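Enquirer: Here's a structure for you.
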Amino acid sequence: MSSQVVEYPAVWIAGASCSGCSVSLLNSVSPAVKNMLIDPVIPGKHVNLRFHATIMAGQGEPALKVARDTAARWPDEYLLLVEGSVQTAENGLFCIIGELEGEQLTMEDAVVALARSALAVISVGTCASFGGIPSGAPNPSGATSVTEVLRKGWISKPIINVPGCPPHPDWLVGTIAALLLRGLPSPEELDAALRPRAFYGKLIHDNCPRRAYFDTGQFARHTGEPGCLYELGCKGPVTYADCPIRLWNNGVNWCVGAGSPCIGCVEPGFPDRLQPMFGKLDQSALEGFRITVRQA
Amino acid sequence: MPTRITIDPVTRIEGHLMIEAVVDDGVVKEARCSGTLFRGFEILLKGREPRDAQLVTQRVCGVCPIAHAMASALSLDSAFGIAHGIPDNGRIIRNLILGSNFIQSHVLHFYHLAALDYVDITAMADYQGRDPEMNSVREFMARGELGPFVPRYEGDYRFDKATNQGLVRHYLVAFEIRRLAHEMLSLFGGKMPHNCAIVPGGVTEHPTVDKMAGFLWRLNRIRHFIDSVYLPDIVAVARAYPDCLQTGSGPGNYLAYGVFDLGAGSQDHAGGERLHAPGALETMETLKELDTDLITESVKHSWYEGDGELHPSEEETVPNRGKKEGYSWIKSPRYKGEVYEVGPVARMLVSYHAGREQVKRMVDGLLAELRAEPQALNSLLGRHAARALETKLVADKLAEWVLELRPGEPVCAPYDVPEHAEGNGITDAPRGALGHWMRIREGRIERYQLVVPTTWNASPRDDKEQLGPIEQSLIGTRVEDAENPYELVRIVRSFDPCLACAIHVVSTKGRRMGVMRVV
């Protein structure tokens with residue numbers, strides 16, 4: 001029975017992160033996080049999460065060696081998941097992820113070393129995908145995305161970005177499940193920002209239950225009011241995610257549902273490109289989206 | 001011969017932490033605690049729209065973002081001059097959101113971060129019962145690829161097989177319990193991690209009967225878990241590991257700002273009467289009124305330019321990773337120049353000495369059950385016990401508060417964003433005392449600073465070479481085997497360190513912070 005289960009090794013490392021992506025994964029409902037860790041999440045296939053500093057039993061050098069040994073034991077077979085952006089200022093010394101054989105290992109070096117022999121890399125969250133909050137101006141620690149670090153290191157690996165601050169657990173679990181079921185995504189399954197179209201294919205605006213208010217020019221003047229939140233800074237018209245139909249935390253709510261504008265947290269350039277968060281989108285930002293703003 | 005132990009990374013905590021200890025004759029003689037990630041939140045907050053602070057500072061920490069949302073919103077309330085006008089619905093919903101995350105954070109900490117130091121998961125290899133969840137763990141063990149559960153420090157698992165198996169079951173159930181707490185939060189907060197509903201003036205979400213019922217019934221299940229699983233498990237660990245009630249003692253000084261507003265503040269000062277009292281408890285005995293003017297920070301051993309003990313608002317802070325005496329990105333906050341511990345044990349003890357009846361009853365009851373003296377709270381297991389008691393205190397209060405909501409009444413006070421203003425918001429996060437201070441100039445954030453819980457607890461030595469609380473708690477600990485120093489990580493984890501929060505840069509110039517005026 002047990003011999004029929006194939007093990008898929010995975011390593012999860014975190015750099016300039018707040019751990020919110022990991023906490024969001026804990027909120028997965030079906031499968032639950034227990035199913036992800038312990039059970040064959042797809043029949044006959046078990047994700048063998050060998051390194052994840054927030055949940056693993058081990059610590060110190062023996063724990064870090066697990067990450068290194070995974071790369072040696074399963075070259076080109078393991079999945080690397082990265083949470084948080086990668087800091088490049090001061091030779092990466094702004095983030096040390098541990099000590100290995102007397103040497104301090106920077107996040108930057110760890111990403112390069114572990115990506116080199118990985119099957120593929122999943123950037124979990126907006127920080128790993130695009131730089132995110134730590135890369136906001138003036139970017140004090142030189143925080144950047146995994147894609148950028150690998151490009152500079154001349155490492156060519158399949159990368160899947162699963163952004164969001166944090167990402168919805170379904171987006172990450174669904175991306176992993178798709179890998180187990182069908183292998184690496186084809187180019188057309190990802191958008192230009194390397195996001196799976198299955199989750200990031202439609203604008204928030206397209207599926208928003210308040211869309212009718214927008215189309216008829218009924219705009220809320222204060223957060224918490226009924227009406228479209230466009231005037232209050234909603235970034236739904238330029239943000240690609242399925243929040244309005246998927247909803248969050250077991251389907252109980254979402255940002256706009258709670259009367260608060262979308263802040264565009266899944267988009268490249270977050271937080272600077274779409275700030276201020278409560279600032280109305282420039283007309284120029286809407287160009288290319290075929291969106292016309294009416295007034296009631 | 002002295003042996004140097006380096007534990008890097010310390011896992012099952014939030015963030016990047018290194019511990020170094022020198023062990024001689026089996027006893028820790030020296031200890032260093034080092035934070036190894038720097039992002040610089042205060043620097044990147046400068047020049048942003050003030051209301052963005054709530055959304056940006058939450059991203060300091062994905063485990064306790066709500067506490068930052070609260071401190072930030074309180075700071076904005078005071079800057080906008082509306083702290084006295086938060087509608088009751090807004091105040092209560094803020095408490096429901098914050099309280100839900102206290103529960104989530106505490107349950108996560110005990111079961112998913114700390115428990116593997118006491119519970120032996122390998123006991124599942126010969127589970128013989130019929131519980132399908134348990135059998136799936138047995139099958140996982142049989143397949144042999146144990147993922148995140150090995151390697152580990154071996155050597156001190158004291159429970160019998162049946163108890164271990166029961167605790168593994170609780171580990172799994174606790175995943176659901178903490179998820180339910182986030183669902184409660186999201187009903188009013190929009191989403192989690194990183195809620196969107198807490199804003200200056202109150203909240204954006206309205207109370208409805210279905211939300212109140214959904215909140216209450218999830219809460220009821222959680223309260224049942226706290227009473228019938230979490231608290232008994234704490235007692236079970238205390239009975240099996242009685243030595244843990246005597247090891248890991250901190251400085252014995254405790255600081256709390258108080259948390260969960262029970263009424264409105266004054267116009268420019270957030271927070272009135274609070275569920276948890278503010279205060280500074282000296283040497284576990286003498287409760288003094290809190291005065292935030294007595295906070296200083298030292299950077300002698302931190303990777304920043306400068307020296308001397310300065311009020312946070314007076315510091316020159318420039319990162320310098322090459323600084324010779326530096327060994328951490330964390331600074332050393334001190335109160336009256338002394339070392340203070342923050343966190344659930346600090347809150348429970350301050351509230352106890354402030355005469356909060358419910359807290360007194362709970363603490364006295366648990367001490368009696370454990371046949372322990374109050375001194376035992378200043379220990380690694382004392383921290384876990386205080387955290388568990390606080391979980392119950394908060395969960396029981398949430399059940400009362402949710403029924404105080406009035407559907408149809410306002411949730412948010414109107415406000416204008418001023419061109420020039422200063423604000424401060426202090427509260428307690430799950431991990432301890434948290435303060436935000438901000439200055440607005442020309443409608444933008446000119447200066448923003450945070451003084452957060454783990455900065456207190458995980459601080460390095462100060463100018464007087466006084467060790468930080470975690471460092472102090474390690475000194476004198478007996479280590480059986482330098483290759484398996486489980487004693488040390490148990491102590492460090494009892495503080496529930498959050499390194500993402502602890503490391504940030506305080507801005508360069510500013511006025512002195514005002515004396516905090518909470519009752």
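Residues in the structure tokens are numbered from 1 in each chain, the chains being A, B, ... in the order shown, and ligands are numbered from 1 in the order shown.
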Leaving out Lys157 of chain A and any residue of its chain fewer than 5 positions from it, which residues lie within 10 Å of it when counting only C-alpha atoms, given as a list in words?

Expert: Asp76, Ala115, Arg116, Ser117, Ala118, Leu119, Ala120, Val121, Thr147, Leu150 and Arg151 of chain A

Enquirer: Near Glu20 of chain B, within 7 Å and counting only C-alpha atoms, which residues show up once chain neighbours fewer than 3 positions away are dropped, as a ChimeraX atom specification?

Expert: /B:5-7,31-33

Enquirer: In segment 51-258 of chain B, what's strand (DSSP E or B) per DSSP? Answer as a PyMOL selection string?

Expert: chain B and resi 198-199+202-203+254-256

Enquirer: Using only C-alpha atoms, please write the residues we just selected to a file, as a PDB file, in the first residue's frame.

Expert:
ATOM      1  CA  ILE B 198      -9.656  48.351  10.538  1.00  0.00           C
ATOM      2  CA  VAL B 199      -9.375  51.989   9.462  1.00  0.00           C
ATOM      3  CA  GLY B 202     -13.450  52.529  13.331  1.00  0.00           C
ATOM      4  CA  VAL B 203     -14.020  49.796  10.782  1.00  0.00           C
ATOM      5  CA  TYR B 254       7.124  42.958  33.156  1.00  0.00           C
ATOM      6  CA  LEU B 255       5.736  45.671  30.904  1.00  0.00           C
ATOM      7  CA  ALA B 256       2.247  45.901  29.383  1.00  0.00           C
TER       8      ALA B 256
END

Enquirer: Excluding same-chain residues fewer than 6 positions from segment 164-176 of chain A, what lies within 8 Å of it counting only C-alpha atoms, as a PyMOL selection string?

Expert: (chain A and resi 20-21+24-28+124-127+196+199+248+265-267) or (chain B and resi 193-194)

Enquirer: May I have the residues within 10 Å of Met192 of chain B as a PyMOL selection string, using only C-alpha atoms and disregarding those fewer than 6 positions away in the same chain?

Expert: (chain A and resi 20+23-24+27+165-166+168+248-249+253-255) or (chain B and resi 62-63+65-66+97+101+179+182-186)

Enquirer: Any chance you could export the current selection's N, CA and C atoms as a PDB file, in the first residue's frame?

Expert:
ATOM      1  N   GLY A  20       3.353  35.737   6.402  1.00  0.00           N
ATOM      2  CA  GLY A  20       1.918  35.751   6.105  1.00  0.00           C
ATOM      3  C   GLY A  20       1.519  34.743   5.036  1.00  0.00           C
ATOM      4  N   VAL A  23       1.205  31.487   6.803  1.00  0.00           N
ATOM      5  CA  VAL A  23      -0.012  31.489   7.622  1.00  0.00           C
ATOM      6  C   VAL A  23      -1.237  31.335   6.735  1.00  0.00           C
ATOM      7  N   SER A  24      -1.206  31.955   5.556  1.00  0.00           N
ATOM      8  CA  SER A  24      -2.338  31.821   4.647  1.00  0.00           C
ATOM      9  C   SER A  24      -2.491  30.367   4.193  1.00  0.00           C
ATOM     10  N   ASN A  27      -4.488  28.240   6.239  1.00  0.00           N
ATOM     11  CA  ASN A  27      -5.935  28.455   6.167  1.00  0.00           C
ATOM     12  C   ASN A  27      -6.604  27.667   5.041  1.00  0.00           C
ATOM     13  N   CYS A 165      -0.864  39.312  -1.239  1.00  0.00           N
ATOM     14  CA  CYS A 165      -0.258  39.743   0.025  1.00  0.00           C
ATOM     15  C   CYS A 165      -1.250  39.501   1.156  1.00  0.00           C
ATOM     16  N   PRO A 166      -1.397  38.215   1.567  1.00  0.00           N
ATOM     17  CA  PRO A 166      -0.740  37.015   1.042  1.00  0.00           C
ATOM     18  C   PRO A 166      -1.550  36.430  -0.099  1.00  0.00           C
ATOM     19  N   HIS A 168      -4.100  33.730  -1.734  1.00  0.00           N
ATOM     20  CA  HIS A 168      -5.161  32.853  -1.245  1.00  0.00           C
ATOM     21  C   HIS A 168      -4.612  31.424  -1.198  1.00  0.00           C
ATOM     22  N   TRP A 248     -12.544  34.745   0.668  1.00  0.00           N
ATOM     23  CA  TRP A 248     -11.416  34.389   1.543  1.00  0.00           C
ATOM     24  C   TRP A 248     -11.877  33.664   2.797  1.00  0.00           C
ATOM     25  N   ASN A 249     -10.926  32.974   3.415  1.00  0.00           N
ATOM     26  CA  ASN A 249     -11.125  32.323   4.714  1.00  0.00           C
ATOM     27  C   ASN A 249     -12.393  31.466   4.713  1.00  0.00           C
ATOM     28  N   ASN A 253     -15.706  36.095   3.344  1.00  0.00           N
ATOM     29  CA  ASN A 253     -15.643  37.533   3.074  1.00  0.00           C
ATOM     30  C   ASN A 253     -14.514  37.822   2.095  1.00  0.00           C
ATOM     31  N   TRP A 254     -14.363  39.064   1.730  1.00  0.00           N
ATOM     32  CA  TRP A 254     -13.187  39.533   0.973  1.00  0.00           C
ATOM     33  C   TRP A 254     -13.116  41.044   1.143  1.00  0.00           C
ATOM     34  N   CYS A 255     -12.053  41.670   0.642  1.00  0.00           N
ATOM     35  CA  CYS A 255     -11.800  43.075   0.965  1.00  0.00           C
ATOM     36  C   CYS A 255     -12.982  43.967   0.575  1.00  0.00           C
TER      37      CYS A 255
ATOM     38  N   GLY B  62       2.986  38.637   9.390  1.00  0.00           N
ATOM     39  CA  GLY B  62       1.809  37.907   8.946  1.00  0.00           C
ATOM     40  C   GLY B  62       1.172  37.057  10.020  1.00  0.00           C
ATOM     41  N   VAL B  63       1.821  36.956  11.180  1.00  0.00           N
ATOM     42  CA  VAL B  63       1.235  36.196  12.277  1.00  0.00           C
ATOM     43  C   VAL B  63       0.386  37.119  13.154  1.00  0.00           C
ATOM     44  N   PRO B  65      -0.587  40.593  12.246  1.00  0.00           N
ATOM     45  CA  PRO B  65      -0.808  41.864  11.545  1.00  0.00           C
ATOM     46  C   PRO B  65      -1.866  42.735  12.204  1.00  0.00           C
ATOM     47  N   ILE B  66      -2.827  42.106  12.861  1.00  0.00           N
ATOM     48  CA  ILE B  66      -3.937  42.880  13.421  1.00  0.00           C
ATOM     49  C   ILE B  66      -3.444  43.842  14.496  1.00  0.00           C
ATOM     50  N   ILE B  97     -11.913  41.521  15.951  1.00  0.00           N
ATOM     51  CA  ILE B  97     -10.877  41.179  14.971  1.00  0.00           C
ATOM     52  C   ILE B  97      -9.559  40.883  15.690  1.00  0.00           C
ATOM     53  N   ASN B 101      -7.541  37.090  16.489  1.00  0.00           N
ATOM     54  CA  ASN B 101      -6.149  36.782  16.145  1.00  0.00           C
ATOM     55  C   ASN B 101      -5.307  36.441  17.366  1.00  0.00           C
ATOM     56  N   ARG B 179      -7.631  27.893  12.214  1.00  0.00           N
ATOM     57  CA  ARG B 179      -8.255  28.326  10.956  1.00  0.00           C
ATOM     58  C   ARG B 179      -9.640  28.926  11.235  1.00  0.00           C
ATOM     59  N   HIS B 182      -9.412  32.423  12.289  1.00  0.00           N
ATOM     60  CA  HIS B 182      -9.234  33.347  11.167  1.00  0.00           C
ATOM     61  C   HIS B 182     -10.537  33.564  10.404  1.00  0.00           C
ATOM     62  N   GLU B 183     -11.387  32.546  10.359  1.00  0.00           N
ATOM     63  CA  GLU B 183     -12.701  32.742   9.723  1.00  0.00           C
ATOM     64  C   GLU B 183     -13.534  33.747  10.519  1.00  0.00           C
ATOM     65  N   MET B 184     -13.505  33.612  11.847  1.00  0.00           N
ATOM     66  CA  MET B 184     -14.197  34.594  12.698  1.00  0.00           C
ATOM     67  C   MET B 184     -13.705  35.996  12.377  1.00  0.00           C
ATOM     68  N   LEU B 185     -12.388  36.101  12.307  1.00  0.00           N
ATOM     69  CA  LEU B 185     -11.768  37.402  12.062  1.00  0.00           C
ATOM     70  C   LEU B 185     -12.226  37.968  10.721  1.00  0.00           C
ATOM     71  N   SER B 186     -12.219  37.102   9.708  1.00  0.00           N
ATOM     72  CA  SER B 186     -12.515  37.540   8.351  1.00  0.00           C
ATOM     73  C   SER B 186     -13.980  37.967   8.184  1.00  0.00           C
TER      74      SER B 186
END

Enquirer: Please measure the separation of atom CA of Leu49 of chain A and atom CA of Glu108 of chain A, giving the value in Å to one decimal.

Expert: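 Those two atoms sit 21.0 Å apart.
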
Enquirer: Work out how far apart atom CA of Gly129 of chain B and atom CA of Arg143 of chain B are and give it in Å to one decimal.

Expert: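 These atoms are spaced 18.5 Å apart.
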
Enquirer: Mind checking which residues fall within 9 Å of Ile93 of chain B, counting only C-alpha atoms, ignoring those fewer than 4 positions away in the same chain, and posting them as a VMD selection string?

Expert: chain B and resid 88 to 89 97 to 98 188 to 189 198 202 to 203 205 to 207 401 to 402 405 411

Enquirer: Find the spatial neighbours of segment 285-294 of chain A, counting only C-alpha atoms, within a cut-off of 7 Å - ignore same-chain residues fewer than 2 positions away - and output them as a list in words.

Expert: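 Here the qualifying residues turn out to be Asp215, Thr216, Gly217, Val238, Leu281, Asp282, Gln283 and Ala296 of chain A.
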
Enquirer: Could you pull out the residues in segment 176-289 of chain B that DSSP calls helix (DSSP H, G or I) from the backbone, as a PDB file with N, CA and C atoms, in the first residue's frame?

Expert:
ATOM      1  N   GLU B 176      -7.317  23.108  12.695  1.00  0.00           N
ATOM      2  CA  GLU B 176      -8.685  23.539  12.372  1.00  0.00           C
ATOM      3  C   GLU B 176      -9.126  24.687  13.279  1.00  0.00           C
ATOM      4  N   ILE B 177      -8.749  24.593  14.544  1.00  0.00           N
ATOM      5  CA  ILE B 177      -9.170  25.608  15.504  1.00  0.00           C
ATOM      6  C   ILE B 177      -8.602  26.974  15.128  1.00  0.00           C
ATOM      7  N   ARG B 178      -7.331  27.013  14.784  1.00  0.00           N
ATOM      8  CA  ARG B 178      -6.731  28.303  14.445  1.00  0.00           C
ATOM      9  C   ARG B 178      -7.280  28.826  13.121  1.00  0.00           C
ATOM     10  N   ARG B 179      -7.631  27.893  12.214  1.00  0.00           N
ATOM     11  CA  ARG B 179      -8.255  28.326  10.956  1.00  0.00           C
ATOM     12  C   ARG B 179      -9.640  28.926  11.235  1.00  0.00           C
ATOM     13  N   LEU B 180     -10.389  28.293  12.119  1.00  0.00           N
ATOM     14  CA  LEU B 180     -11.707  28.829  12.491  1.00  0.00           C
ATOM     15  C   LEU B 180     -11.577  30.235  13.077  1.00  0.00           C
ATOM     16  N   ALA B 181     -10.535  30.452  13.862  1.00  0.00           N
ATOM     17  CA  ALA B 181     -10.332  31.783  14.452  1.00  0.00           C
ATOM     18  C   ALA B 181     -10.110  32.817  13.346  1.00  0.00           C
ATOM     19  N   HIS B 182      -9.412  32.423  12.289  1.00  0.00           N
ATOM     20  CA  HIS B 182      -9.234  33.347  11.167  1.00  0.00           C
ATOM     21  C   HIS B 182     -10.537  33.564  10.404  1.00  0.00           C
ATOM     22  N   GLU B 183     -11.387  32.546  10.359  1.00  0.00           N
ATOM     23  CA  GLU B 183     -12.701  32.742   9.723  1.00  0.00           C
ATOM     24  C   GLU B 183     -13.534  33.747  10.519  1.00  0.00           C
ATOM     25  N   MET B 184     -13.505  33.612  11.847  1.00  0.00           N
ATOM     26  CA  MET B 184     -14.197  34.594  12.698  1.00  0.00           C
ATOM     27  C   MET B 184     -13.705  35.996  12.377  1.00  0.00           C
ATOM     28  N   LEU B 185     -12.388  36.101  12.307  1.00  0.00           N
ATOM     29  CA  LEU B 185     -11.768  37.402  12.062  1.00  0.00           C
ATOM     30  C   LEU B 185     -12.226  37.968  10.721  1.00  0.00           C
ATOM     31  N   SER B 186     -12.219  37.102   9.708  1.00  0.00           N
ATOM     32  CA  SER B 186     -12.515  37.540   8.351  1.00  0.00           C
ATOM     33  C   SER B 186     -13.980  37.967   8.184  1.00  0.00           C
ATOM     34  N   LEU B 187     -14.870  37.387   8.968  1.00  0.00           N
ATOM     35  CA  LEU B 187     -16.277  37.804   8.911  1.00  0.00           C
ATOM     36  C   LEU B 187     -16.389  39.315   9.062  1.00  0.00           C
ATOM     37  N   PHE B 188     -15.578  39.875   9.942  1.00  0.00           N
ATOM     38  CA  PHE B 188     -15.605  41.323  10.163  1.00  0.00           C
ATOM     39  C   PHE B 188     -14.400  42.041   9.556  1.00  0.00           C
ATOM     40  N   GLY B 189     -13.314  41.297   9.309  1.00  0.00           N
ATOM     41  CA  GLY B 189     -12.074  41.940   8.852  1.00  0.00           C
ATOM     42  C   GLY B 189     -11.846  41.879   7.357  1.00  0.00           C
ATOM     43  N   VAL B 209     -26.789  40.227  11.692  1.00  0.00           N
ATOM     44  CA  VAL B 209     -27.115  39.112  12.572  1.00  0.00           C
ATOM     45  C   VAL B 209     -26.443  37.829  12.108  1.00  0.00           C
ATOM     46  N   ASP B 210     -26.364  37.626  10.786  1.00  0.00           N
ATOM     47  CA  ASP B 210     -25.738  36.376  10.324  1.00  0.00           C
ATOM     48  C   ASP B 210     -24.248  36.359  10.612  1.00  0.00           C
ATOM     49  N   LYS B 211     -23.591  37.505  10.514  1.00  0.00           N
ATOM     50  CA  LYS B 211     -22.167  37.560  10.848  1.00  0.00           C
ATOM     51  C   LYS B 211     -21.965  37.309  12.348  1.00  0.00           C
ATOM     52  N   MET B 212     -22.827  37.911  13.160  1.00  0.00           N
ATOM     53  CA  MET B 212     -22.706  37.726  14.609  1.00  0.00           C
ATOM     54  C   MET B 212     -22.892  36.253  14.979  1.00  0.00           C
ATOM     55  N   ALA B 213     -23.888  35.607  14.348  1.00  0.00           N
ATOM     56  CA  ALA B 213     -24.131  34.191  14.656  1.00  0.00           C
ATOM     57  C   ALA B 213     -22.975  33.325  14.162  1.00  0.00           C
ATOM     58  N   GLY B 214     -22.482  33.633  12.957  1.00  0.00           N
ATOM     59  CA  GLY B 214     -21.359  32.868  12.419  1.00  0.00           C
ATOM     60  C   GLY B 214     -20.131  32.997  13.292  1.00  0.00           C
ATOM     61  N   PHE B 215     -19.926  34.196  13.817  1.00  0.00           N
ATOM     62  CA  PHE B 215     -18.796  34.450  14.717  1.00  0.00           C
ATOM     63  C   PHE B 215     -18.974  33.646  15.996  1.00  0.00           C
ATOM     64  N   LEU B 216     -20.154  33.747  16.577  1.00  0.00           N
ATOM     65  CA  LEU B 216     -20.404  33.142  17.886  1.00  0.00           C
ATOM     66  C   LEU B 216     -20.275  31.617  17.843  1.00  0.00           C
ATOM     67  N   TRP B 217     -20.768  30.999  16.770  1.00  0.00           N
ATOM     68  CA  TRP B 217     -20.747  29.536  16.762  1.00  0.00           C
ATOM     69  C   TRP B 217     -19.389  28.969  16.419  1.00  0.00           C
ATOM     70  N   ARG B 218     -18.615  29.690  15.645  1.00  0.00           N
ATOM     71  CA  ARG B 218     -17.214  29.277  15.494  1.00  0.00           C
ATOM     72  C   ARG B 218     -16.510  29.439  16.836  1.00  0.00           C
ATOM     73  N   LEU B 219     -16.795  30.541  17.492  1.00  0.00           N
ATOM     74  CA  LEU B 219     -16.164  30.811  18.795  1.00  0.00           C
ATOM     75  C   LEU B 219     -16.537  29.740  19.820  1.00  0.00           C
ATOM     76  N   ASN B 220     -17.788  29.319  19.800  1.00  0.00           N
ATOM     77  CA  ASN B 220     -18.197  28.303  20.769  1.00  0.00           C
ATOM     78  C   ASN B 220     -17.375  27.031  20.629  1.00  0.00           C
ATOM     79  N   ARG B 221     -17.107  26.664  19.366  1.00  0.00           N
ATOM     80  CA  ARG B 221     -16.297  25.460  19.165  1.00  0.00           C
ATOM     81  C   ARG B 221     -14.870  25.684  19.683  1.00  0.00           C
ATOM     82  N   ILE B 222     -14.366  26.862  19.471  1.00  0.00           N
ATOM     83  CA  ILE B 222     -13.012  27.171  19.932  1.00  0.00           C
ATOM     84  C   ILE B 222     -12.959  27.194  21.463  1.00  0.00           C
ATOM     85  N   ARG B 223     -13.981  27.767  22.084  1.00  0.00           N
ATOM     86  CA  ARG B 223     -13.984  27.818  23.558  1.00  0.00           C
ATOM     87  C   ARG B 223     -14.019  26.409  24.136  1.00  0.00           C
ATOM     88  N   HIS B 224     -14.777  25.537  23.482  1.00  0.00           N
ATOM     89  CA  HIS B 224     -14.817  24.152  23.936  1.00  0.00           C
ATOM     90  C   HIS B 224     -13.419  23.536  23.842  1.00  0.00           C
ATOM     91  N   PHE B 225     -12.712  23.822  22.761  1.00  0.00           N
ATOM     92  CA  PHE B 225     -11.344  23.314  22.588  1.00  0.00           C
ATOM     93  C   PHE B 225     -10.423  23.867  23.683  1.00  0.00           C
ATOM     94  N   ILE B 226     -10.545  25.162  23.964  1.00  0.00           N
ATOM     95  CA  ILE B 226      -9.667  25.765  24.975  1.00  0.00           C
ATOM     96  C   ILE B 226      -9.898  25.081  26.327  1.00  0.00           C
ATOM     97  N   ASP B 227     -11.165  24.908  26.686  1.00  0.00           N
ATOM     98  CA  ASP B 227     -11.477  24.344  28.004  1.00  0.00           C
ATOM     99  C   ASP B 227     -11.146  22.857  28.102  1.00  0.00           C
ATOM    100  N   SER B 228     -11.431  22.121  27.030  1.00  0.00           N
ATOM    101  CA  SER B 228     -11.323  20.669  27.165  1.00  0.00           C
ATOM    102  C   SER B 228     -10.020  20.105  26.600  1.00  0.00           C
ATOM    103  N   VAL B 229      -9.269  20.907  25.860  1.00  0.00           N
ATOM    104  CA  VAL B 229      -8.029  20.396  25.261  1.00  0.00           C
ATOM    105  C   VAL B 229      -6.812  21.251  25.633  1.00  0.00           C
ATOM    106  N   TYR B 230      -6.864  22.538  25.281  1.00  0.00           N
ATOM    107  CA  TYR B 230      -5.677  23.391  25.432  1.00  0.00           C
ATOM    108  C   TYR B 230      -5.251  23.502  26.911  1.00  0.00           C
ATOM    109  N   LEU B 231      -6.174  23.925  27.772  1.00  0.00           N
ATOM    110  CA  LEU B 231      -5.792  24.098  29.181  1.00  0.00           C
ATOM    111  C   LEU B 231      -5.385  22.769  29.830  1.00  0.00           C
ATOM    112  N   PRO B 232      -6.141  21.665  29.609  1.00  0.00           N
ATOM    113  CA  PRO B 232      -5.666  20.387  30.167  1.00  0.00           C
ATOM    114  C   PRO B 232      -4.297  19.973  29.624  1.00  0.00           C
ATOM    115  N   ASP B 233      -4.026  20.272  28.347  1.00  0.00           N
ATOM    116  CA  ASP B 233      -2.713  19.905  27.806  1.00  0.00           C
ATOM    117  C   ASP B 233      -1.590  20.688  28.490  1.00  0.00           C
ATOM    118  N   ILE B 234      -1.847  21.953  28.803  1.00  0.00           N
ATOM    119  CA  ILE B 234      -0.843  22.750  29.520  1.00  0.00           C
ATOM    120  C   ILE B 234      -0.550  22.105  30.881  1.00  0.00           C
ATOM    121  N   VAL B 235      -1.610  21.682  31.558  1.00  0.00           N
ATOM    122  CA  VAL B 235      -1.427  21.041  32.867  1.00  0.00           C
ATOM    123  C   VAL B 235      -0.658  19.733  32.695  1.00  0.00           C
ATOM    124  N   ALA B 236      -0.989  18.987  31.637  1.00  0.00           N
ATOM    125  CA  ALA B 236      -0.297  17.712  31.404  1.00  0.00           C
ATOM    126  C   ALA B 236       1.195  17.936  31.156  1.00  0.00           C
ATOM    127  N   VAL B 237       1.521  18.946  30.357  1.00  0.00           N
ATOM    128  CA  VAL B 237       2.941  19.232  30.099  1.00  0.00           C
ATOM    129  C   VAL B 237       3.625  19.657  31.404  1.00  0.00           C
ATOM    130  N   ALA B 238       2.935  20.484  32.192  1.00  0.00           N
ATOM    131  CA  ALA B 238       3.527  20.947  33.458  1.00  0.00           C
ATOM    132  C   ALA B 238       3.787  19.775  34.406  1.00  0.00           C
ATOM    133  N   ARG B 239       2.902  18.787  34.406  1.00  0.00           N
ATOM    134  CA  ARG B 239       3.092  17.635  35.302  1.00  0.00           C
ATOM    135  C   ARG B 239       4.220  16.730  34.805  1.00  0.00           C
ATOM    136  N   ALA B 240       4.323  16.594  33.487  1.00  0.00           N
ATOM    137  CA  ALA B 240       5.371  15.717  32.945  1.00  0.00           C
ATOM    138  C   ALA B 240       6.739  16.401  32.946  1.00  0.00           C
ATOM    139  N   PRO B 242       7.958  19.092  35.178  1.00  0.00           N
ATOM    140  CA  PRO B 242       7.898  20.072  36.270  1.00  0.00           C
ATOM    141  C   PRO B 242       9.134  20.971  36.328  1.00  0.00           C
ATOM    142  N   ASP B 243      10.256  20.477  35.827  1.00  0.00           N
ATOM    143  CA  ASP B 243      11.475  21.292  35.813  1.00  0.00           C
ATOM    144  C   ASP B 243      11.301  22.532  34.939  1.00  0.00           C
ATOM    145  N   CYS B 244      10.390  22.446  33.954  1.00  0.00           N
ATOM    146  CA  CYS B 244      10.173  23.600  33.066  1.00  0.00           C
ATOM    147  C   CYS B 244       9.449  24.746  33.777  1.00  0.00           C
ATOM    148  N   LEU B 245       8.949  24.489  34.991  1.00  0.00           N
ATOM    149  CA  LEU B 245       8.394  25.578  35.804  1.00  0.00           C
ATOM    150  C   LEU B 245       9.487  26.283  36.596  1.00  0.00           C
TER     151      LEU B 245
END

Enquirer: Measuring between only C-alpha atoms, which one of B:Glu471, B:Glu400, B:Asp364, B:Asp416 shows the shortest distance to chain A?

Expert: B:Asp416

Enquirer: Excluding Leu398 of chain B and any residue of its chain fewer than 3 positions from it, enumerate the residues within 8 Å of it, using only C-alpha atoms, and give them as a PyMOL selection string.

Expert: chain B and resi 95-96+99+394-395+401-402

Enquirer: With only C-alpha atoms as the basis for distance, which of B:Thr3, B:Asn135, B:Asn424, B:Thr57 is at the shortest distance from Ile38 of chain A?

Expert: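 For Ile38 of chain A, the nearest of the candidates is B:Asn135.
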